[in-house]
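Colleague: Have a peek at query-v8.txt (compact mmCIF, C-alpha atoms).
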```txt
# COMPACT_ATOMS: atom_id res chain seq x y z
CA MET A 215 12.68 -6.89 -4.11
CA ILE A 216 8.89 -6.85 -3.86
CA ASP A 217 8.21 -10.11 -2.07
CA PHE A 218 4.73 -9.30 -0.76
CA ARG A 219 1.34 -9.55 -2.44
CA LEU A 220 -0.92 -7.94 0.17
CA TYR A 221 -0.20 -4.26 0.83
CA LEU A 222 -2.00 -2.89 3.89
CA VAL A 223 -2.61 0.85 3.70
CA GLY A 224 -3.16 2.50 7.07
CA ASP A 225 -6.11 4.69 8.00
CA ARG A 226 -6.64 5.22 11.71
CA ASN A 227 -10.23 6.34 11.04
CA GLN A 228 -11.19 2.89 9.73
CA CYS A 229 -9.96 0.71 12.58
CA ALA A 230 -13.34 0.08 14.23
CA GLY A 231 -12.36 1.64 17.56
CA ARG A 232 -8.89 0.10 17.69
CA SER A 233 -5.67 2.09 17.46
CA LEU A 234 -3.93 1.90 14.09
CA SER A 235 -0.88 0.27 15.62
CA ASP A 236 -3.00 -2.41 17.29
CA ALA A 237 -4.88 -3.13 14.05
CA ILE A 238 -1.61 -3.36 12.12
CA LEU A 239 -0.11 -5.62 14.79
CA GLN A 240 -3.05 -8.01 14.46
CA ALA A 241 -2.59 -8.01 10.69
CA ALA A 242 1.14 -8.72 11.04
CA ARG A 243 0.44 -11.61 13.38
CA ALA A 244 -1.71 -13.08 10.62
CA GLY A 245 1.11 -12.70 8.10
CA VAL A 246 0.86 -9.24 6.50
CA ARG A 247 4.33 -8.30 5.30
CA ALA A 248 4.00 -4.71 4.04
CA VAL A 249 2.16 -1.68 5.43
CA GLN A 250 1.93 1.97 4.51
CA VAL A 251 1.56 4.77 7.07
CA ARG A 252 -0.67 7.26 5.30
CA GLU A 253 -2.17 9.70 7.84
CA LYS A 254 -2.03 12.85 5.71
CA ASP A 255 -3.82 15.04 8.24
CA LEU A 256 -1.27 14.64 11.04
CA SER A 257 1.39 17.20 11.89
CA SER A 258 4.96 16.23 11.09
CA ILE A 259 5.82 15.38 14.68
CA ASP A 260 2.63 13.37 15.21
CA LEU A 261 3.21 11.49 11.97
CA TYR A 262 6.80 10.78 12.95
CA GLU A 263 5.73 9.49 16.37
CA LEU A 264 3.06 7.27 14.80
CA ALA A 265 5.58 5.91 12.29
CA VAL A 266 8.02 5.08 15.09
CA GLU A 267 5.24 3.44 17.10
CA ILE A 268 4.27 1.22 14.17
CA ARG A 269 7.90 0.45 13.37
CA ASP A 270 8.46 -0.65 16.96
CA VAL A 271 5.24 -2.68 17.12
CA LEU A 272 6.35 -4.58 14.02
CA ALA A 273 9.99 -5.01 15.08
CA ASP A 274 9.56 -8.76 15.64
CA PHE A 275 7.79 -9.35 12.32
CA PRO A 276 9.16 -9.56 8.75
CA CYS A 277 7.01 -6.59 7.75
CA SER A 278 8.13 -3.61 5.66
CA VAL A 279 6.89 -0.18 6.76
CA LEU A 280 6.57 2.53 4.12
CA ILE A 281 5.32 6.05 4.68
CA ASN A 282 3.26 8.17 2.33
CA ASP A 283 5.27 10.93 0.63
CA ARG A 284 7.52 11.85 3.58
CA SER A 285 11.09 10.91 2.78
CA ASP A 286 12.31 12.93 5.76
CA ILE A 287 10.24 10.87 8.18
CA ALA A 288 11.20 7.62 6.47
CA ILE A 289 14.84 8.48 7.11
CA ALA A 290 14.33 9.80 10.64
CA ALA A 291 12.23 6.80 11.70
CA GLY A 292 14.35 4.22 9.90
CA LEU A 293 11.49 2.92 7.76
CA SER A 294 11.66 0.55 4.80
CA GLY A 295 10.75 3.16 2.21
CA VAL A 296 8.32 5.72 0.83
CA HIS A 297 5.09 5.59 -1.12
CA LEU A 298 4.78 8.57 -3.45
CA PRO A 299 1.59 10.16 -4.80
CA GLU A 300 1.23 10.25 -8.57
CA SER A 301 2.03 13.97 -8.63
CA GLY A 302 4.72 13.77 -5.96
CA MET A 303 8.50 14.00 -6.13
CA LYS A 304 10.20 12.03 -8.87
CA VAL A 305 11.37 8.60 -7.85
CA GLU A 306 14.99 9.19 -8.82
CA ILE A 307 15.17 12.27 -6.57
CA VAL A 308 13.72 10.40 -3.61
CA ARG A 309 15.97 7.41 -4.22
CA GLY A 310 18.96 9.72 -4.02
CA ILE A 311 17.84 10.81 -0.55
CA LEU A 312 16.86 7.47 0.97
CA PRO A 313 19.30 4.84 2.24
CA THR A 314 20.44 2.24 -0.27
CA GLY A 315 17.94 -0.57 -0.62
CA SER A 316 14.89 1.50 0.34
CA CYS A 317 11.62 0.58 -1.35
CA ILE A 318 9.69 3.17 -3.37
CA GLY A 319 6.09 2.70 -4.45
CA VAL A 320 3.99 5.14 -6.46
CA SER A 321 0.23 5.63 -6.56
CA THR A 322 -1.14 5.78 -10.10
CA HIS A 323 -4.62 6.45 -11.47
CA SER A 324 -4.04 6.32 -15.22
CA LEU A 325 -1.98 4.47 -17.80
CA ALA A 326 0.09 7.61 -18.36
CA GLY A 327 0.75 7.91 -14.63
CA ALA A 328 1.77 4.27 -14.46
CA HIS A 329 4.21 4.74 -17.34
CA ARG A 330 5.73 7.79 -15.67
CA ALA A 331 6.23 5.86 -12.44
CA ILE A 332 7.98 2.96 -14.14
CA SER A 333 10.16 5.21 -16.30
CA ASN A 334 11.19 7.10 -13.17
CA GLY A 335 12.30 3.88 -11.48
CA ALA A 336 9.50 2.91 -9.08
CA ASP A 337 9.84 -0.50 -7.43
CA PHE A 338 6.08 -1.05 -7.63
CA ILE A 339 2.88 0.87 -8.27
CA THR A 340 -0.63 0.85 -6.96
CA PHE A 341 -3.34 1.39 -9.56
CA GLY A 342 -6.90 2.40 -8.86
CA PRO A 343 -9.52 2.81 -7.74
CA ILE A 344 -10.58 -0.44 -9.37
CA PHE A 345 -13.92 -0.77 -7.59
CA GLN A 346 -16.23 1.72 -5.91
CA THR A 347 -14.98 2.79 -2.49
CA PRO A 348 -15.62 5.90 -0.35
CA SER A 349 -11.92 6.50 0.36
CA LYS A 350 -11.17 6.93 -3.36
CA VAL A 351 -14.12 9.09 -4.46
CA VAL A 352 -11.71 12.02 -4.87
CA TYR A 353 -10.12 10.15 -7.78
CA GLY A 354 -13.40 9.89 -9.68
CA PRO A 355 -15.34 6.83 -10.88
CA PRO A 356 -13.78 3.39 -10.53
CA LEU A 357 -11.32 2.57 -13.29
CA GLY A 358 -12.42 -1.04 -13.52
CA ILE A 359 -10.82 -4.37 -14.28
CA GLU A 360 -10.18 -3.68 -17.97
CA ALA A 361 -8.11 -0.59 -17.16
CA LEU A 362 -6.15 -2.68 -14.66
CA ARG A 363 -5.57 -5.31 -17.34
CA GLU A 364 -4.27 -2.68 -19.78
CA VAL A 365 -1.82 -1.31 -17.21
CA CYS A 366 -0.58 -4.74 -16.19
CA LEU A 367 0.12 -5.68 -19.81
CA ASP A 368 2.45 -2.69 -20.11
CA MET A 369 4.27 -2.97 -16.78
CA ASN A 370 7.44 -4.85 -15.91
CA ILE A 371 7.21 -4.02 -12.21
CA PRO A 372 4.60 -5.28 -9.71
CA VAL A 373 1.16 -3.68 -9.95
CA PHE A 374 -1.11 -3.67 -6.89
CA ALA A 375 -4.82 -3.18 -7.52
CA LEU A 376 -6.30 -0.69 -5.04
CA GLY A 377 -9.75 0.61 -4.25
CA GLY A 378 -12.69 -1.43 -3.02
CA ILE A 379 -10.62 -4.61 -2.84
CA LYS A 380 -12.14 -7.53 -0.95
CA PRO A 381 -11.31 -11.24 -0.89
CA GLN A 382 -14.31 -11.82 -3.18
CA ASN A 383 -12.95 -9.64 -6.01
CA THR A 384 -9.22 -10.22 -5.53
CA GLN A 385 -9.12 -13.09 -8.04
CA GLN A 386 -10.46 -10.76 -10.74
CA CYS A 387 -7.50 -8.47 -10.11
CA LEU A 388 -5.02 -11.34 -10.27
CA ASP A 389 -6.61 -12.61 -13.48
CA ALA A 390 -6.11 -9.13 -14.96
CA GLY A 391 -2.39 -9.39 -14.23
CA ALA A 392 -2.03 -7.69 -10.85
CA HIS A 393 0.87 -8.87 -8.72
CA GLY A 394 -1.20 -8.25 -5.59
CA VAL A 395 -3.74 -5.99 -3.94
CA GLY A 396 -3.74 -2.95 -1.71
CA VAL A 397 -6.29 -2.99 1.08
CA ILE A 398 -7.61 -0.57 3.69
CA SER A 399 -11.07 -1.16 5.15
CA ALA A 400 -11.43 -4.85 4.26
CA ILE A 401 -8.77 -5.54 6.88
CA LEU A 402 -8.67 -2.55 9.23
CA SER A 403 -12.45 -2.39 9.69
CA ALA A 404 -12.96 -6.14 9.97
CA SER A 405 -14.36 -7.46 13.25
CA ASN A 406 -11.71 -10.20 13.09
CA ILE A 407 -8.58 -8.82 11.44
CA GLU A 408 -6.65 -12.08 11.47
CA LYS A 409 -9.50 -13.90 9.73
CA ALA A 410 -9.72 -11.12 7.15
CA VAL A 411 -6.01 -11.51 6.38
CA VAL A 412 -6.39 -15.29 6.08
CA ASP A 413 -9.30 -14.80 3.67
CA PHE A 414 -7.01 -12.76 1.41
CA GLN A 415 -4.27 -15.35 1.73
CA HIS A 416 -6.61 -18.06 0.47
CA VAL A 417 -6.94 -16.12 -2.79
CA LEU A 418 -3.42 -14.68 -3.08
CA GLY A 419 -1.63 -17.89 -2.16
CA LYS A 420 0.91 -15.96 -0.12
CA LEU A 421 0.95 -12.60 1.59
```
Taking this structure as input, can you express it in the form of structure tokens?
Modeller:
Amino acid sequence: MIDFRLYLVGDRNQCAGRSLSDAILQAARAGVRAVQVREKDLSSIDLYELAVEIRDVLADFPCSVLINDRSDIAIAAGLSGVHLPESGMKVEIVRGILPTGSCIGVSTHSLAGAHRAISNGADFITFGPIFQTPSKVVYGPPLGIEALREVCLDMNIPVFALGGIKPQNTQQCLDAGAHGVGVISAILSASNIEKAVVDFQHVLGKL
């Protein structure tokens, strides 16, 4: 079910003056196949409208659109699925709400959290922060490659390394067992988004 290796997490404040939908469109043109709409500060109606805008922008691309935490908006906007926070609703409850075949990812920041996500039926998890990054300071110090390796050894679903990921350190994550990587600023803030995506593809092999 998880046929992507690069997971683009949206943040409209890191798009270097571009709109989020334009930045995501450029990434999709370069081959990105999965994005998450994650604007936690927006009102429900504004988040819904943004999700619909991104869905429509990507209509001609084979790109899954997930939304952070909001099953109601995923359903209303006809999105591909939901990405749940570690302390969010249980996967089995959300799966019972979403249309059949919807994708459910879960953010995890510890081995225990990763185990809970897999036992609850997540399709994939993100794990991090692996490296230092301003967007993940709230989660504490970086967990590091060895923690990623420990999680990957125990998981039978795809694990995406997240937090401070760049093309230069992606191979370390893959060597530790990660299925792929989750990225925010390394793509959205890049002066040339398509080149940034290609740089990741060179390491990942496929997007």
Colleague: Pick out the residues sitting within 6 Å of stretch 355-371 of chain A, and hand them over as a ChimeraX atom specification; count only C-alpha atoms, and ignore anything fewer than 3 positions along from it in its own chain.
Modeller: /A:325,338,343-346,390-391
Colleague: My list of candidates is A:Val249, A:Val411, A:Ala336, A:Ala404. Which is closest to A:Arg232 when distances are computed with all atoms listed in the file?
Modeller: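 Among A:Val249, A:Val411, A:Ala336, A:Ala404, it is A:Ala404 that comes nearest to A:Arg232.
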Colleague: So that I can check the surroundings of stretch 275-291 of chain A, please list as a list in words every protein, DNA and RNA residue that reaches within 6 Å of it, counting only C-alpha atoms and ignoring chain neighbours fewer than 3 positions away.
Modeller: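 Selected residues are Arg247, Ala248, Val249, Gln250, Val251, Arg252, Tyr262, Val266, Leu272, Ser294, Gly295, Val296, His297 and Leu298 of chain A.
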Colleague: May I have the protein, DNA and RNA residues with an atom at most 8 Å from (-0.4, 8.5, 11.0), counting all atoms listed in the file in the file's coordinates, returned as a ChimeraX atom specification?
Modeller: /A:224-226,251-256,260-262,264-265
Colleague: Which of these residues is nearest to A:Leu376, using only C-alpha atoms: A:His416, A:His393, A:Arg309, A:Lys409?
Modeller: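 Using only C-alpha atoms, A:Leu376 sits closest to A:His393.
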Colleague: Within 9 Å of stretch 301-308 of chain A, counting all atoms listed in the file, which residues show up once you throw out same-chain ones fewer than 2 positions away? Write them as a PyMOL selection string, please.
Modeller: chain A and resi 283+285+296+298-299+310-312+318-322+327+331+334-336
Colleague: Let me see the file: selected residues, C-alpha atoms, as a JSON list (two decimals), keeping the file's coordinate frame.
Modeller:
```
[["chain", "number", "residue", "atom", "x", "y", "z"],
["A", 283, "ASP", "CA", 5.27, 10.93, 0.63],
["A", 285, "SER", "CA", 11.09, 10.91, 2.78],
["A", 296, "VAL", "CA", 8.32, 5.72, 0.83],
["A", 298, "LEU", "CA", 4.78, 8.57, -3.45],
["A", 299, "PRO", "CA", 1.59, 10.16, -4.80],
["A", 310, "GLY", "CA", 18.96, 9.72, -4.02],
["A", 311, "ILE", "CA", 17.84, 10.81, -0.55],
["A", 312, "LEU", "CA", 16.86, 7.47, 0.97],
["A", 318, "ILE", "CA", 9.69, 3.17, -3.37],
["A", 319, "GLY", "CA", 6.09, 2.70, -4.45],
["A", 320, "VAL", "CA", 3.99, 5.14, -6.46],
["A", 321, "SER", "CA", 0.23, 5.63, -6.56],
["A", 322, "THR", "CA", -1.14, 5.78, -10.10],
["A", 327, "GLY", "CA", 0.75, 7.91, -14.63],
["A", 331, "ALA", "CA", 6.23, 5.86, -12.44],
["A", 334, "ASN", "CA", 11.19, 7.10, -13.17],
["A", 335, "GLY", "CA", 12.30, 3.88, -11.48],
["A", 336, "ALA", "CA", 9.50, 2.91, -9.08]]
```
Colleague: Mind pulling up the distance from atom CA of A:Asn406 to atom CA of A:Ala392?
Modeller: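 Those two atoms sit 25.9 Å apart.
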Colleague: Atom CA of A:Asn227 and atom CA of A:Gln240 are how many Å apart?
Modeller: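 Between atom CA of A:Asn227 and atom CA of A:Gln240 the gap is 16.4 Å.
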Colleague: Mind giving me the straight-line distance from atom CA of A:Ala410 to atom CA of A:Asp337 in Å, one decimal?
Modeller: 26.6 Å
Colleague: Measuring atom to atom with only C-alpha atoms, identify which of A:Leu293, A:Lys380, A:Phe218, A:Asp389 is nearest to A:Leu402.
Modeller: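 Checking each candidate against A:Leu402, we get A:Lys380 as the closest.
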Colleague: With distances taken over all atoms listed in the file, which residue among A:Ile379, A:Lys420, A:Pro313, A:Gln385 lies nearest A:Ala400?
Modeller: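 When distances to A:Ala400 are compared using all atoms listed in the file, the smallest one comes from A:Ile379.
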Colleague: For A:Ser405, please output as a ChimeraX atom specification all residues within 8 Å (counting only C-alpha atoms; exclusion window: fewer than 2 positions along the same chain).
Modeller: /A:230,403,407
Colleague: Hey, which of A:Leu234, A:Ala326, A:Val246, A:Leu222 ends up closest to A:Ile268? Count all atoms listed in the file.
Modeller: A:Leu234
Colleague: Using only C-alpha atoms for the distances, tell me which of A:Glu267, A:Asp217, A:Asp236, A:Glu300 is nearest to A:Phe341.
Modeller: A:Glu300
Colleague: Would you mind completing stretch 381-404 of chain A to N, CA and C atoms and writing the output as a PDB file, in the frame of the given file?
Modeller:
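As a result, selection_10.pdb now contains:
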```pdb
ATOM      1  N   PRO A 381     -11.691  -9.890  -0.468  1.00  0.00           N
ATOM      2  CA  PRO A 381     -11.310 -11.240  -0.890  1.00  0.00           C
ATOM      3  C   PRO A 381     -12.127 -11.733  -2.085  1.00  0.00           C
ATOM      4  N   GLN A 382     -13.409 -11.330  -2.136  1.00  0.00           N
ATOM      5  CA  GLN A 382     -14.310 -11.820  -3.180  1.00  0.00           C
ATOM      6  C   GLN A 382     -13.948 -11.311  -4.573  1.00  0.00           C
ATOM      7  N   ASN A 383     -13.296 -10.144  -4.676  1.00  0.00           N
ATOM      8  CA  ASN A 383     -12.950  -9.640  -6.010  1.00  0.00           C
ATOM      9  C   ASN A 383     -11.436  -9.647  -6.280  1.00  0.00           C
ATOM     10  N   THR A 384     -10.667 -10.191  -5.351  1.00  0.00           N
ATOM     11  CA  THR A 384      -9.220 -10.220  -5.530  1.00  0.00           C
ATOM     12  C   THR A 384      -8.811 -11.084  -6.726  1.00  0.00           C
ATOM     13  N   GLN A 385      -9.487 -12.218  -6.929  1.00  0.00           N
ATOM     14  CA  GLN A 385      -9.120 -13.090  -8.040  1.00  0.00           C
ATOM     15  C   GLN A 385      -9.287 -12.388  -9.380  1.00  0.00           C
ATOM     16  N   GLN A 386     -10.292 -11.527  -9.507  1.00  0.00           N
ATOM     17  CA  GLN A 386     -10.460 -10.760 -10.740  1.00  0.00           C
ATOM     18  C   GLN A 386      -9.222  -9.900 -11.017  1.00  0.00           C
ATOM     19  N   CYS A 387      -8.680  -9.326  -9.964  1.00  0.00           N
ATOM     20  CA  CYS A 387      -7.500  -8.470 -10.110  1.00  0.00           C
ATOM     21  C   CYS A 387      -6.286  -9.305 -10.523  1.00  0.00           C
ATOM     22  N   LEU A 388      -6.133 -10.458  -9.906  1.00  0.00           N
ATOM     23  CA  LEU A 388      -5.020 -11.340 -10.270  1.00  0.00           C
ATOM     24  C   LEU A 388      -5.159 -11.815 -11.712  1.00  0.00           C
ATOM     25  N   ASP A 389      -6.371 -12.153 -12.114  1.00  0.00           N
ATOM     26  CA  ASP A 389      -6.610 -12.610 -13.480  1.00  0.00           C
ATOM     27  C   ASP A 389      -6.296 -11.512 -14.502  1.00  0.00           C
ATOM     28  N   ALA A 390      -6.424 -10.257 -14.071  1.00  0.00           N
ATOM     29  CA  ALA A 390      -6.110  -9.130 -14.960  1.00  0.00           C
ATOM     30  C   ALA A 390      -4.615  -8.847 -15.011  1.00  0.00           C
ATOM     31  N   GLY A 391      -3.837  -9.550 -14.190  1.00  0.00           N
ATOM     32  CA  GLY A 391      -2.390  -9.390 -14.230  1.00  0.00           C
ATOM     33  C   GLY A 391      -1.769  -8.726 -13.036  1.00  0.00           C
ATOM     34  N   ALA A 392      -2.581  -8.348 -12.041  1.00  0.00           N
ATOM     35  CA  ALA A 392      -2.030  -7.690 -10.850  1.00  0.00           C
ATOM     36  C   ALA A 392      -1.120  -8.640 -10.083  1.00  0.00           C
ATOM     37  N   HIS A 393      -0.032  -8.095  -9.571  1.00  0.00           N
ATOM     38  CA  HIS A 393       0.870  -8.870  -8.720  1.00  0.00           C
ATOM     39  C   HIS A 393       0.231  -9.117  -7.360  1.00  0.00           C
ATOM     40  N   GLY A 394      -0.558  -8.146  -6.904  1.00  0.00           N
ATOM     41  CA  GLY A 394      -1.200  -8.250  -5.590  1.00  0.00           C
ATOM     42  C   GLY A 394      -2.250  -7.169  -5.444  1.00  0.00           C
ATOM     43  N   VAL A 395      -2.679  -6.962  -4.207  1.00  0.00           N
ATOM     44  CA  VAL A 395      -3.740  -5.990  -3.940  1.00  0.00           C
ATOM     45  C   VAL A 395      -3.367  -5.103  -2.761  1.00  0.00           C
ATOM     46  N   GLY A 396      -3.840  -3.876  -2.819  1.00  0.00           N
ATOM     47  CA  GLY A 396      -3.740  -2.950  -1.710  1.00  0.00           C
ATOM     48  C   GLY A 396      -5.080  -2.859  -1.005  1.00  0.00           C
ATOM     49  N   VAL A 397      -5.045  -2.872   0.307  1.00  0.00           N
ATOM     50  CA  VAL A 397      -6.290  -2.990   1.080  1.00  0.00           C
ATOM     51  C   VAL A 397      -6.283  -2.001   2.242  1.00  0.00           C
ATOM     52  N   ILE A 398      -7.443  -1.418   2.508  1.00  0.00           N
ATOM     53  CA  ILE A 398      -7.610  -0.570   3.690  1.00  0.00           C
ATOM     54  C   ILE A 398      -8.707  -1.178   4.562  1.00  0.00           C
ATOM     55  N   SER A 399      -9.956  -0.831   4.249  1.00  0.00           N
ATOM     56  CA  SER A 399     -11.070  -1.160   5.150  1.00  0.00           C
ATOM     57  C   SER A 399     -11.343  -2.651   5.263  1.00  0.00           C
ATOM     58  N   ALA A 400     -11.103  -3.422   4.208  1.00  0.00           N
ATOM     59  CA  ALA A 400     -11.430  -4.850   4.260  1.00  0.00           C
ATOM     60  C   ALA A 400     -10.641  -5.569   5.346  1.00  0.00           C
ATOM     61  N   ILE A 401      -9.532  -4.983   5.767  1.00  0.00           N
ATOM     62  CA  ILE A 401      -8.770  -5.540   6.880  1.00  0.00           C
ATOM     63  C   ILE A 401      -8.926  -4.694   8.138  1.00  0.00           C
ATOM     64  N   LEU A 402      -8.673  -3.403   8.039  1.00  0.00           N
ATOM     65  CA  LEU A 402      -8.670  -2.550   9.230  1.00  0.00           C
ATOM     66  C   LEU A 402     -10.032  -2.467   9.901  1.00  0.00           C
ATOM     67  N   SER A 403     -11.106  -2.510   9.124  1.00  0.00           N
ATOM     68  CA  SER A 403     -12.450  -2.390   9.690  1.00  0.00           C
ATOM     69  C   SER A 403     -13.084  -3.728  10.044  1.00  0.00           C
ATOM     70  N   ALA A 404     -12.392  -4.813   9.737  1.00  0.00           N
ATOM     71  CA  ALA A 404     -12.960  -6.140   9.970  1.00  0.00           C
ATOM     72  C   ALA A 404     -13.112  -6.408  11.470  1.00  0.00           C
TER      73      ALA A 404
END
```
